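J.: Quick one: the structure is below, questions incoming.
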Amino acid sequence: MARWVAFLRAVNVGGRTAKMDRVRALFEELRLGDAETFLASGNVLFDSRAKRLDRLETRIEARLADALGFEVATFVRSPDQLAHVATHTPFDDAQLEGGKLQVAILREAPTREAFERVRARCGAIDDVALDGRELYWVRRGGVRESALSNAILERELGMPSTVRNVSTIRRILTKLG
């Protein structure tokens, strides 16, 4: 049995509400052990014997859609994968100064062309970097001032994503022990 983290897209935003107790119960119904949620933004820690993460993501998505009445893209990562995400530093100190580092979690690595479309959309306050299935985004200013959003990322990348602040990733990693 291994420990995993599921990142759920667009839970408790835009009228798509789900109580975390209910989400935890749905994971348990799938026989995913020791399920616990972290924050109300759709982070679920759980145990599973699954070998194929793509099938596990599909099972979780199907159960959540059936029970909640809306689609919930799901991205599963191992503690080792999260440790890499939490410590990867694609930007130097000058690039990070005054900014918030966020990570867009993707199902698969995007094409170079898709990443370049995102980069072309960056405004003066945004920088992006790609590392496999994670897109790092530093924003030095308010959300409304940024030329990027998760919706723009998804459109330009041609795939679903969910965004977390890197400090949230680090807090989840700490919770995993």
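If you're wondering about the labels, chains in the structure tokens are A, B, ... by order shown, residues count from 1 in each chain, ligands from 1 in order shown.
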Which of chain A counts as strand (DSSP E or B) under DSSP, as a PyMOL selection string please?

T.: chain A and resi 2-8+13+16+33-37+43-48+74-77+100-106+126-131+134-139+161-165

J.: CA of Leu148 (chain A) and CA of Thr111 (chain A), how far apart in Å?

T.: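 Separation of CA of Thr111 (chain A) and CA of Leu148 (chain A): 18.4 Å.
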
J.: Near Ala109 (chain A), within 9 Å and counting only C-alpha atoms, which residues show up once chain neighbours fewer than 2 positions away are dropped, as JSON, numbers by chain?

T.: {"A": [106, 107, 111, 130, 131, 132, 133, 134, 135]}

J.: From the set A:Glu108, A:Arg155, A:Lys19, A:Phe46, which residue has the shortest atom-to-atom contact distance to Ser78 (chain A), counting only C-alpha atoms?

T.: A:Phe46

J.: How many Å lie between CA of Gly98 (chain A) and CA of Gly141 (chain A), rounded to one decimal?

T.: 7.8 Å

J.: Could you tell me which of A:Trp4, A:Thr17, A:Asp126, A:Arg140 comes closest to Asn43 (chain A) if we count only C-alpha atoms?

T.: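 Ranked by minimum distance to Asn43 (chain A), first place goes to A:Trp4.
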
J.: Find the residue from A:Leu39, A:Leu45, A:Ala10, A:Leu68 that sits nearest to Arg22 (chain A); use only C-alpha atoms when measuring.

T.: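 Between A:Leu39, A:Leu45, A:Ala10, A:Leu68, the residue approaching Arg22 (chain A) most closely is A:Leu68.
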
J.: At a cut-off of 12 Å, using only C-alpha atoms, what residues contact Glu116 (chain A)? Leave out same-chain residues fewer than 5 positions from it and give the result as a count of residues only.

T.: 12

J.: CA of Leu176 (chain A) and CA of Pro90 (chain A), how far apart in Å?

T.: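 Calculated distance between CA of Pro90 (chain A) and CA of Leu176 (chain A) is 23.9 Å.
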